[in-house]
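Raw run.pdb, PDB, C-alpha atoms:
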ATOM      1  CA  MET W   1     110.473 169.379  93.868  1.00  0.00           C
ATOM      2  CA  ARG W   2     111.604 170.628  97.235  1.00  0.00           C
ATOM      3  CA  ASN W   3     108.562 172.842  97.532  1.00  0.00           C
ATOM      4  CA  ILE W   4     106.173 169.978  97.090  1.00  0.00           C
ATOM      5  CA  PHE W   5     107.743 168.024  99.899  1.00  0.00           C
ATOM      6  CA  GLU W   6     107.750 171.055 102.135  1.00  0.00           C
ATOM      7  CA  ARG W   7     104.125 171.662 101.428  1.00  0.00           C
ATOM      8  CA  CYS W   8     103.214 168.076 102.167  1.00  0.00           C
ATOM      9  CA  SER W   9     105.009 167.933 105.468  1.00  0.00           C
ATOM     10  CA  ALA W  10     103.607 171.294 106.470  1.00  0.00           C
ATOM     11  CA  LYS W  11     100.127 170.130 105.667  1.00  0.00           C
ATOM     12  CA  ARG W  12     100.620 167.044 107.743  1.00  0.00           C
ATOM     13  CA  ARG W  13     101.880 168.998 110.734  1.00  0.00           C
ATOM     14  CA  HIS W  14      98.896 171.262 110.772  1.00  0.00           C
ATOM     15  CA  GLU W  15      96.172 168.744 110.191  1.00  0.00           C
ATOM     16  CA  PRO W  16      93.564 168.525 112.932  1.00  0.00           C
ATOM     17  CA  ARG W  17      94.177 166.186 115.824  1.00  0.00           C
ATOM     18  CA  ALA W  18      91.122 164.077 114.942  1.00  0.00           C
ATOM     19  CA  THR W  19      92.476 163.351 111.453  1.00  0.00           C
ATOM     20  CA  ARG W  20      95.813 162.251 112.861  1.00  0.00           C
ATOM     21  CA  LYS W  21      94.033 160.011 115.334  1.00  0.00           C
ATOM     22  CA  SER W  22      91.886 158.414 112.655  1.00  0.00           C
ATOM     23  CA  ARG W  23      94.978 157.911 110.490  1.00  0.00           C
ATOM     24  CA  ARG W  24      96.661 156.066 113.345  1.00  0.00           C
ATOM     25  CA  LEU W  25      93.509 154.006 113.896  1.00  0.00           C
ATOM     26  CA  THR W  26      93.408 153.086 110.221  1.00  0.00           C
ATOM     27  CA  GLY W  27      97.023 151.976 110.474  1.00  0.00           C
ATOM     28  CA  VAL W  28      96.336 149.782 113.491  1.00  0.00           C
ATOM     29  CA  LEU W  29      93.283 148.319 111.791  1.00  0.00           C
ATOM     30  CA  GLY W  30      95.315 147.623 108.678  1.00  0.00           C
ATOM     31  CA  VAL W  31      97.891 145.714 110.679  1.00  0.00           C
ATOM     32  CA  LEU W  32      95.152 143.774 112.452  1.00  0.00           C
ATOM     33  CA  ILE W  33      93.434 142.849 109.206  1.00  0.00           C
ATOM     34  CA  ALA W  34      96.736 141.789 107.669  1.00  0.00           C
ATOM     35  CA  ALA W  35      97.546 139.674 110.727  1.00  0.00           C
ATOM     36  CA  THR W  36      94.117 138.041 110.706  1.00  0.00           C
ATOM     37  CA  GLY W  37      94.440 137.376 107.005  1.00  0.00           C
ATOM     38  CA  ALA W  38      97.837 135.782 107.433  1.00  0.00           C
ATOM     39  CA  ALA W  39      96.638 133.638 110.313  1.00  0.00           C
ATOM     40  CA  GLY W  40      93.530 132.676 108.371  1.00  0.00           C
ATOM     41  CA  GLY W  41      95.559 131.816 105.309  1.00  0.00           C
ATOM     42  CA  ALA W  42      97.857 129.577 107.290  1.00  0.00           C
ATOM     43  CA  GLY W  43      94.903 128.095 109.135  1.00  0.00           C
ATOM     44  CA  CYS W  44      93.185 127.036 105.943  1.00  0.00           C
ATOM     45  CA  THR W  45      95.689 124.296 105.455  1.00  0.00           C
ATOM     46  CA  THR W  46      94.447 122.596 108.594  1.00  0.00           C
ATOM     47  CA  PHE W  47      90.738 122.942 107.876  1.00  0.00           C
ATOM     48  CA  GLY W  48      88.598 120.410 106.118  1.00  0.00           C
ATOM     49  CA  ALA W  49      89.226 116.934 104.898  1.00  0.00           C
ATOM     50  CA  LYS W  50      92.691 115.987 103.805  1.00  0.00           C
ATOM     51  CA  PRO W  51      93.043 114.549 100.291  1.00  0.00           C
ATOM     52  CA  TRP W  52      93.144 111.031 101.707  1.00  0.00           C
ATOM     53  CA  GLU W  53      90.007 111.612 103.785  1.00  0.00           C
ATOM     54  CA  HIS W  54      87.585 112.210 100.928  1.00  0.00           C
ATOM     55  CA  ASP W  55      85.900 108.842 101.200  1.00  0.00           C
ATOM     56  CA  LEU W  56      82.538 110.193 102.345  1.00  0.00           C
ATOM     57  CA  LEU W  57      82.713 113.233 100.088  1.00  0.00           C
ATOM     58  CA  ALA W  58      83.180 110.919  97.130  1.00  0.00           C
ATOM     59  CA  GLU W  59      79.958 109.056  97.830  1.00  0.00           C
ATOM     60  CA  HIS W  60      77.084 109.396  95.431  1.00  0.00           C
ATOM     61  CA  ALA W  61      74.795 111.036  97.976  1.00  0.00           C
ATOM     62  CA  MET W  62      77.365 113.735  98.671  1.00  0.00           C
ATOM     63  CA  GLN W  63      77.610 115.002  95.128  1.00  0.00           C
ATOM     64  CA  VAL W  64      76.412 118.500  94.306  1.00  0.00           C
ATOM     65  CA  ALA W  65      74.722 116.936  91.307  1.00  0.00           C
ATOM     66  CA  SER W  66      73.944 113.351  92.252  1.00  0.00           C
ATOM     67  CA  TYR W  67      71.930 112.897  89.079  1.00  0.00           C
ATOM     68  CA  PRO W  68      73.700 114.892  86.380  1.00  0.00           C
ATOM     69  CA  LEU W  69      71.103 114.205  83.695  1.00  0.00           C
ATOM     70  CA  GLU W  70      68.288 115.459  85.902  1.00  0.00           C
ATOM     71  CA  THR W  71      70.336 118.523  86.813  1.00  0.00           C
ATOM     72  CA  ALA W  72      71.051 119.190  83.157  1.00  0.00           C
ATOM     73  CA  ILE W  73      67.337 119.034  82.331  1.00  0.00           C
ATOM     74  CA  ASP W  74      66.498 121.378  85.220  1.00  0.00           C
ATOM     75  CA  GLU W  75      69.188 123.763  84.126  1.00  0.00           C
ATOM     76  CA  HIS W  76      67.868 123.697  80.585  1.00  0.00           C
ATOM     77  CA  ILE W  77      64.415 124.676  81.828  1.00  0.00           C
ATOM     78  CA  TYR W  78      65.845 127.558  83.848  1.00  0.00           C
ATOM     79  CA  PHE W  79      67.833 128.646  80.865  1.00  0.00           C
ATOM     80  CA  SER W  80      65.098 128.436  78.255  1.00  0.00           C
ATOM     81  CA  LYS W  81      62.040 129.452  80.293  1.00  0.00           C
ATOM     82  CA  GLU W  82      63.457 131.758  82.913  1.00  0.00           C
ATOM     83  CA  ALA W  83      66.497 133.068  81.087  1.00  0.00           C
ATOM     84  CA  SER W  84      68.781 132.207  83.974  1.00  0.00           C
ATOM     85  CA  SER W  85      71.751 129.942  83.797  1.00  0.00           C
ATOM     86  CA  GLY W  86      74.979 129.211  85.515  1.00  0.00           C
ATOM     87  CA  GLY W  87      75.830 129.413  89.174  1.00  0.00           C
ATOM     88  CA  ARG W  88      76.141 125.712  89.574  1.00  0.00           C
ATOM     89  CA  SER W  89      78.110 123.003  88.002  1.00  0.00           C
ATOM     90  CA  PHE W  90      77.119 119.723  86.433  1.00  0.00           C
ATOM     91  CA  ALA W  91      80.458 118.258  87.251  1.00  0.00           C
ATOM     92  CA  GLY W  92      80.524 115.435  89.709  1.00  0.00           C
ATOM     93  CA  GLY W  93      83.487 114.771  91.893  1.00  0.00           C
ATOM     94  CA  GLY W  94      84.182 115.108  95.538  1.00  0.00           C
ATOM     95  CA  CYS W  95      86.942 112.593  95.627  1.00  0.00           C
ATOM     96  CA  GLY W  96      89.295 115.390  94.613  1.00  0.00           C
ATOM     97  CA  CYS W  97      90.918 113.108  92.106  1.00  0.00           C
ATOM     98  CA  ASN W  98      92.427 115.018  89.211  1.00  0.00           C
TER      99      ASN W  98
ATOM    100  CA  MET G   1     111.038 122.446  98.591  1.00  0.00           C
ATOM    101  CA  SER G   2     113.314 120.398 100.744  1.00  0.00           C
ATOM    102  CA  ARG G   3     112.955 116.699 100.331  1.00  0.00           C
ATOM    103  CA  ARG G   4     113.522 114.627 103.377  1.00  0.00           C
ATOM    104  CA  ILE G   5     115.249 111.388 102.946  1.00  0.00           C
ATOM    105  CA  VAL G   6     113.171 108.324 103.379  1.00  0.00           C
ATOM    106  CA  GLY G   7     115.036 107.290 106.486  1.00  0.00           C
ATOM    107  CA  CYS G   8     113.936 110.462 108.228  1.00  0.00           C
ATOM    108  CA  LEU G   9     110.346 109.916 107.237  1.00  0.00           C
ATOM    109  CA  LEU G  10     110.502 106.382 108.372  1.00  0.00           C
ATOM    110  CA  SER G  11     111.823 107.243 111.793  1.00  0.00           C
ATOM    111  CA  LEU G  12     109.084 109.861 112.011  1.00  0.00           C
ATOM    112  CA  LEU G  13     106.513 107.219 111.246  1.00  0.00           C
ATOM    113  CA  LEU G  14     107.985 104.709 113.607  1.00  0.00           C
ATOM    114  CA  SER G  15     108.047 107.229 116.429  1.00  0.00           C
ATOM    115  CA  GLY G  16     104.274 107.606 116.121  1.00  0.00           C
ATOM    116  CA  ASN G  17     102.265 104.975 117.929  1.00  0.00           C
ATOM    117  CA  GLY G  18      99.437 104.891 115.407  1.00  0.00           C
ATOM    118  CA  ALA G  19      97.943 101.931 113.690  1.00  0.00           C
ATOM    119  CA  ALA G  20      99.370 102.906 110.318  1.00  0.00           C
ATOM    120  CA  ARG G  21     101.305  99.667 110.309  1.00  0.00           C
ATOM    121  CA  ALA G  22     104.335 101.751 109.527  1.00  0.00           C
ATOM    122  CA  THR G  23     106.462  98.705 110.085  1.00  0.00           C
ATOM    123  CA  ASP G  24     104.900  97.299 106.937  1.00  0.00           C
ATOM    124  CA  LEU G  25     106.480 100.142 105.058  1.00  0.00           C
ATOM    125  CA  ASP G  26     110.094  99.441 105.790  1.00  0.00           C
ATOM    126  CA  LEU G  27     111.706 101.138 102.850  1.00  0.00           C
ATOM    127  CA  HIS G  28     115.187 100.356 104.131  1.00  0.00           C
ATOM    128  CA  ALA G  29     114.730  96.946 102.624  1.00  0.00           C
ATOM    129  CA  TYR G  30     114.547  98.550  99.178  1.00  0.00           C
ATOM    130  CA  ARG G  31     117.715 100.601  99.304  1.00  0.00           C
ATOM    131  CA  GLY G  32     119.396 100.318  95.937  1.00  0.00           C
ATOM    132  CA  LYS G  33     116.063  99.865  94.211  1.00  0.00           C
ATOM    133  CA  VAL G  34     113.676 102.366  92.709  1.00  0.00           C
ATOM    134  CA  VAL G  35     110.494 102.545  94.764  1.00  0.00           C
ATOM    135  CA  TYR G  36     107.174 103.677  93.319  1.00  0.00           C
ATOM    136  CA  LEU G  37     104.930 104.449  96.278  1.00  0.00           C
ATOM    137  CA  ASP G  38     101.320 104.667  95.147  1.00  0.00           C
ATOM    138  CA  PHE G  39      98.742 106.175  97.496  1.00  0.00           C
ATOM    139  CA  TRP G  40      95.298 104.930  96.528  1.00  0.00           C
ATOM    140  CA  ALA G  41      91.764 104.460  97.845  1.00  0.00           C
ATOM    141  CA  SER G  42      88.719 102.470  96.808  1.00  0.00           C
ATOM    142  CA  TRP G  43      86.658 105.647  96.298  1.00  0.00           C
ATOM    143  CA  CYS G  44      89.126 107.132  93.857  1.00  0.00           C
ATOM    144  CA  GLY G  45      88.304 106.576  90.195  1.00  0.00           C
ATOM    145  CA  PRO G  46      91.697 107.422  88.692  1.00  0.00           C
ATOM    146  CA  CYS G  47      93.292 104.949  91.135  1.00  0.00           C
ATOM    147  CA  ARG G  48      91.312 102.203  89.446  1.00  0.00           C
ATOM    148  CA  GLU G  49      92.641 103.332  86.080  1.00  0.00           C
ATOM    149  CA  SER G  50      96.202 103.390  87.322  1.00  0.00           C
ATOM    150  CA  PHE G  51      96.362  99.789  88.549  1.00  0.00           C
ATOM    151  CA  PRO G  52      96.562  98.024  85.184  1.00  0.00           C
ATOM    152  CA  TRP G  53      99.146 100.561  84.052  1.00  0.00           C
ATOM    153  CA  LEU G  54     101.177  99.916  87.188  1.00  0.00           C
ATOM    154  CA  ALA G  55     101.005  96.194  86.526  1.00  0.00           C
ATOM    155  CA  GLY G  56     102.422  96.899  83.065  1.00  0.00           C
ATOM    156  CA  LEU G  57     105.237  98.949  84.562  1.00  0.00           C
ATOM    157  CA  LEU G  58     106.146  96.123  86.886  1.00  0.00           C
ATOM    158  CA  ARG G  59     106.139  93.679  83.991  1.00  0.00           C
ATOM    159  CA  ASP G  60     108.530  95.903  82.072  1.00  0.00           C
ATOM    160  CA  TYR G  61     110.825  97.090  84.804  1.00  0.00           C
ATOM    161  CA  ALA G  62     110.814  94.630  87.713  1.00  0.00           C
ATOM    162  CA  SER G  63     113.993  93.142  86.283  1.00  0.00           C
ATOM    163  CA  ARG G  64     115.581  96.604  86.532  1.00  0.00           C
ATOM    164  CA  ASP G  65     114.922  96.858  90.280  1.00  0.00           C
ATOM    165  CA  LEU G  66     111.553  98.580  90.249  1.00  0.00           C
ATOM    166  CA  VAL G  67     109.465  98.060  93.368  1.00  0.00           C
ATOM    167  CA  VAL G  68     105.844  99.203  93.490  1.00  0.00           C
ATOM    168  CA  ILE G  69     104.118  99.522  96.849  1.00  0.00           C
ATOM    169  CA  GLY G  70     100.494 100.545  97.146  1.00  0.00           C
ATOM    170  CA  VAL G  71      99.518 102.516 100.242  1.00  0.00           C
ATOM    171  CA  ASN G  72      95.792 102.195 100.807  1.00  0.00           C
ATOM    172  CA  VAL G  73      94.159 105.036 102.747  1.00  0.00           C
ATOM    173  CA  ASP G  74      90.660 103.572 103.082  1.00  0.00           C
ATOM    174  CA  LYS G  75      89.267 103.812 106.593  1.00  0.00           C
ATOM    175  CA  ASP G  76      87.278 100.661 105.959  1.00  0.00           C
ATOM    176  CA  ARG G  77      89.538  97.837 104.974  1.00  0.00           C
ATOM    177  CA  ALA G  78      86.650  95.815 103.538  1.00  0.00           C
ATOM    178  CA  LEU G  79      86.167  98.483 100.854  1.00  0.00           C
ATOM    179  CA  ALA G  80      89.820  98.243  99.939  1.00  0.00           C
ATOM    180  CA  GLU G  81      89.572  94.499  99.691  1.00  0.00           C
ATOM    181  CA  ARG G  82      86.501  94.716  97.504  1.00  0.00           C
ATOM    182  CA  PHE G  83      88.387  97.088  95.219  1.00  0.00           C
ATOM    183  CA  LEU G  84      91.290  94.668  95.051  1.00  0.00           C
ATOM    184  CA  GLY G  85      88.811  91.909  94.192  1.00  0.00           C
ATOM    185  CA  ASP G  86      87.673  93.890  91.140  1.00  0.00           C
ATOM    186  CA  THR G  87      91.043  95.373  90.309  1.00  0.00           C
ATOM    187  CA  PRO G  88      93.767  92.990  91.352  1.00  0.00           C
ATOM    188  CA  ALA G  89      97.035  94.625  92.294  1.00  0.00           C
ATOM    189  CA  ALA G  90     100.248  93.189  90.983  1.00  0.00           C
ATOM    190  CA  PHE G  91     102.161  94.638  93.939  1.00  0.00           C
ATOM    191  CA  SER G  92     102.134  94.587  97.713  1.00  0.00           C
ATOM    192  CA  ILE G  93      99.737  96.792  99.651  1.00  0.00           C
ATOM    193  CA  VAL G  94     100.298  98.605 102.918  1.00  0.00           C
ATOM    194  CA  TYR G  95      97.234  99.760 104.837  1.00  0.00           C
ATOM    195  CA  ASP G  96      97.205 103.268 106.263  1.00  0.00           C
ATOM    196  CA  PRO G  97      93.620 103.763 107.523  1.00  0.00           C
ATOM    197  CA  ARG G  98      94.523 106.783 109.650  1.00  0.00           C
ATOM    198  CA  GLY G  99      96.425 108.479 106.873  1.00  0.00           C
ATOM    199  CA  GLU G 100      99.645 108.711 108.853  1.00  0.00           C
ATOM    200  CA  ILE G 101     101.897 107.700 105.995  1.00  0.00           C
ATOM    201  CA  ALA G 102      99.914 109.967 103.671  1.00  0.00           C
ATOM    202  CA  ALA G 103     100.352 112.862 106.101  1.00  0.00           C
ATOM    203  CA  ALA G 104     104.080 112.195 106.443  1.00  0.00           C
ATOM    204  CA  TYR G 105     104.484 112.479 102.675  1.00  0.00           C
ATOM    205  CA  LYS G 106     102.148 115.500 102.572  1.00  0.00           C
ATOM    206  CA  ILE G 107     100.257 114.150  99.615  1.00  0.00           C
ATOM    207  CA  ALA G 108      98.137 116.742  97.851  1.00  0.00           C
ATOM    208  CA  GLY G 109      95.580 114.612  96.034  1.00  0.00           C
ATOM    209  CA  MET G 110      94.473 111.119  95.221  1.00  0.00           C
ATOM    210  CA  PRO G 111      96.117 109.176  93.833  1.00  0.00           C
ATOM    211  CA  THR G 112      99.651 110.298  94.488  1.00  0.00           C
ATOM    212  CA  ALA G 113     102.761 108.552  93.332  1.00  0.00           C
ATOM    213  CA  ILE G 114     106.034 109.119  95.119  1.00  0.00           C
ATOM    214  CA  LEU G 115     109.114 108.048  93.214  1.00  0.00           C
ATOM    215  CA  ILE G 116     112.115 107.264  95.356  1.00  0.00           C
ATOM    216  CA  ASP G 117     115.523 106.775  93.828  1.00  0.00           C
ATOM    217  CA  ARG G 118     118.089 104.114  94.599  1.00  0.00           C
ATOM    218  CA  SER G 119     119.690 106.195  97.339  1.00  0.00           C
ATOM    219  CA  GLY G 120     116.365 106.627  99.160  1.00  0.00           C
ATOM    220  CA  GLN G 121     115.691 110.182  98.045  1.00  0.00           C
ATOM    221  CA  VAL G 122     112.188 111.290  97.047  1.00  0.00           C
ATOM    222  CA  ARG G 123     112.683 112.588  93.505  1.00  0.00           C
ATOM    223  CA  TYR G 124     109.269 112.889  91.868  1.00  0.00           C
ATOM    224  CA  GLN G 125     105.740 113.270  93.080  1.00  0.00           C
ATOM    225  CA  HIS G 126     102.791 112.797  90.739  1.00  0.00           C
ATOM    226  CA  THR G 127      99.482 114.053  92.039  1.00  0.00           C
ATOM    227  CA  GLY G 128      96.476 112.539  90.319  1.00  0.00           C
ATOM    228  CA  PHE G 129      96.614 109.993  87.570  1.00  0.00           C
ATOM    229  CA  SER G 130      95.812 110.693  83.974  1.00  0.00           C
ATOM    230  CA  ILE G 131      96.366 108.076  81.340  1.00  0.00           C
ATOM    231  CA  LYS G 132      97.371 110.896  78.981  1.00  0.00           C
ATOM    232  CA  LYS G 133     100.377 111.636  81.160  1.00  0.00           C
ATOM    233  CA  ARG G 134     101.577 108.043  81.364  1.00  0.00           C
ATOM    234  CA  ASP G 135     104.580 108.762  79.141  1.00  0.00           C
ATOM    235  CA  GLU G 136     105.712 111.526  81.472  1.00  0.00           C
ATOM    236  CA  TYR G 137     105.329 109.252  84.504  1.00  0.00           C
ATOM    237  CA  ALA G 138     107.238 106.467  82.780  1.00  0.00           C
ATOM    238  CA  GLU G 139     109.952 108.884  81.702  1.00  0.00           C
ATOM    239  CA  HIS G 140     110.538 109.949  85.306  1.00  0.00           C
ATOM    240  CA  LEU G 141     110.698 106.337  86.306  1.00  0.00           C
ATOM    241  CA  ARG G 142     113.176 105.484  83.558  1.00  0.00           C
ATOM    242  CA  THR G 143     115.367 108.394  84.685  1.00  0.00           C
ATOM    243  CA  LEU G 144     115.601 106.907  88.151  1.00  0.00           C
ATOM    244  CA  LEU G 145     116.058 103.357  86.865  1.00  0.00           C
ATOM    245  CA  SER G 146     118.945 104.411  84.653  1.00  0.00           C
ATOM    246  CA  GLU G 147     120.905 105.799  87.587  1.00  0.00           C
ATOM    247  CA  ALA G 148     123.566 103.650  89.165  1.00  0.00           C
ATOM    248  CA  ALA G 149     123.070 102.342  92.680  1.00  0.00           C
ATOM    249  CA  PRO G 150     124.938 104.381  95.309  1.00  0.00           C
TER     250      PRO G 150
END
Whole structure, structure tokens version:
Amino acid sequence: MRNIFERCSAKRRHEPRATRKSRRLTGVLGVLIAATGAAGGAGCTTFGAKPWEHDLLAEHAMQVASYPLETAIDEHIYFSKEASSGGRSFAGGGCGCN
Amino acid sequence: MSRRIVGCLLSLLLSGNGAARATDLDLHAYRGKVVYLDFWASWCGPCRESFPWLAGLLRDYASRDLVVIGVNVDKDRALAERFLGDTPAAFSIVYDPRGEIAAAYKIAGMPTAILIDRSGQVRYQHTGFSIKKRDEYAEHLRTLLSEAAP
């Protein structure tokens, strides 16, 4: 057990300067990415419409599928003629209710 | 999650100078009663479903000190009034067009029901309304109604 640790530390001591530098850089980058992620995560709560502000999003014209039947027919054609399906939803919504 | 007492929230609201008509929502008047605060909007389908159920609740429990207050978050009051024309509310409505009351209660979806016990403590929060869950909602309400006034 002891030998392994000795070998590891020895290896580390003798590694080229460039490797050590890049290791430090990776560390700094890691911290930066983590910090950005944390800030972004916290920031998300302030972006976009609040649940009580979905009035416009709930309007008919704002739906991803304003005409679900038409969308379903289109999707069926893609599925049966072009063998592609999925990637979009038929579900309406926008009001964020339930 | 720490629940603030209603008094704190109220003072928070009153300190703001918005047009939320926070004075309309003076919950101090209801101390000793169980308050069901219902956040709703005209564009919210489940809200429409919840109104008749709420009317039923009031019928059953008004004699046991249940108070229902609807907080409307429509920006356009005319839309809210049209909704109320189609779906009459059996309870009083407070208008919060800028969402200040909604923000103070940090509501996570529409509709949201906030259940406040007789001592003014927020005890339950129901996000969304599903008729399938009505027994659960009513059970929470009965729990609060069965408690003695402070």
Could you spell out the hits of the PyMOL selection byres ((chain G) within 8 of (chain W)) on the shown file, as a ChimeraX atom specification?
-> /G:41,43-46,73-74,99,102,107-111,127-130
Identify all residues satisfying the PyMOL selection byres ((chain G and resi 82-91) around 12) in the given file; provide them as an NGL selection string.
-> :G and (35-38 or 40-45 or 47-59 or 62 or 66-72 or 74 or 76-81 or 92-94)
Could you take the residues named above and write them with C-alpha atoms, as a CSV table (one decimal), keeping the file's coordinate frame?
chain,number,residue,atom,x,y,z
G,35,VAL,CA,110.5,102.5,94.8
G,36,TYR,CA,107.2,103.7,93.3
G,37,LEU,CA,104.9,104.4,96.3
G,38,ASP,CA,101.3,104.7,95.1
G,40,TRP,CA,95.3,104.9,96.5
G,41,ALA,CA,91.8,104.5,97.8
G,42,SER,CA,88.7,102.5,96.8
G,43,TRP,CA,86.7,105.6,96.3
G,44,CYS,CA,89.1,107.1,93.9
G,45,GLY,CA,88.3,106.6,90.2
G,47,CYS,CA,93.3,104.9,91.1
G,48,ARG,CA,91.3,102.2,89.4
G,49,GLU,CA,92.6,103.3,86.1
G,50,SER,CA,96.2,103.4,87.3
G,51,PHE,CA,96.4,99.8,88.5
G,52,PRO,CA,96.6,98.0,85.2
G,53,TRP,CA,99.1,100.6,84.1
G,54,LEU,CA,101.2,99.9,87.2
G,55,ALA,CA,101.0,96.2,86.5
G,56,GLY,CA,102.4,96.9,83.1
G,57,LEU,CA,105.2,98.9,84.6
G,58,LEU,CA,106.1,96.1,86.9
G,59,ARG,CA,106.1,93.7,84.0
G,62,ALA,CA,110.8,94.6,87.7
G,66,LEU,CA,111.6,98.6,90.2
G,67,VAL,CA,109.5,98.1,93.4
G,68,VAL,CA,105.8,99.2,93.5
G,69,ILE,CA,104.1,99.5,96.8
G,70,GLY,CA,100.5,100.5,97.1
G,71,VAL,CA,99.5,102.5,100.2
G,72,ASN,CA,95.8,102.2,100.8
G,74,ASP,CA,90.7,103.6,103.1
G,76,ASP,CA,87.3,100.7,106.0
G,77,ARG,CA,89.5,97.8,105.0
G,78,ALA,CA,86.6,95.8,103.5
G,79,LEU,CA,86.2,98.5,100.9
G,80,ALA,CA,89.8,98.2,99.9
G,81,GLU,CA,89.6,94.5,99.7
G,92,SER,CA,102.1,94.6,97.7
G,93,ILE,CA,99.7,96.8,99.7
G,94,VAL,CA,100.3,98.6,102.9
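The coordinates place CA of Ala138 in chain G at 21.8 Å from CA of Pro150 in chain G.
Here CA of Tyr61 in chain G stands at a distance of 16.6 Å from CA of Ile114 in chain G.
Picture a line from CA of Asp117 in chain G to CA of Asp60 in chain G; it runs 17.5 Å.
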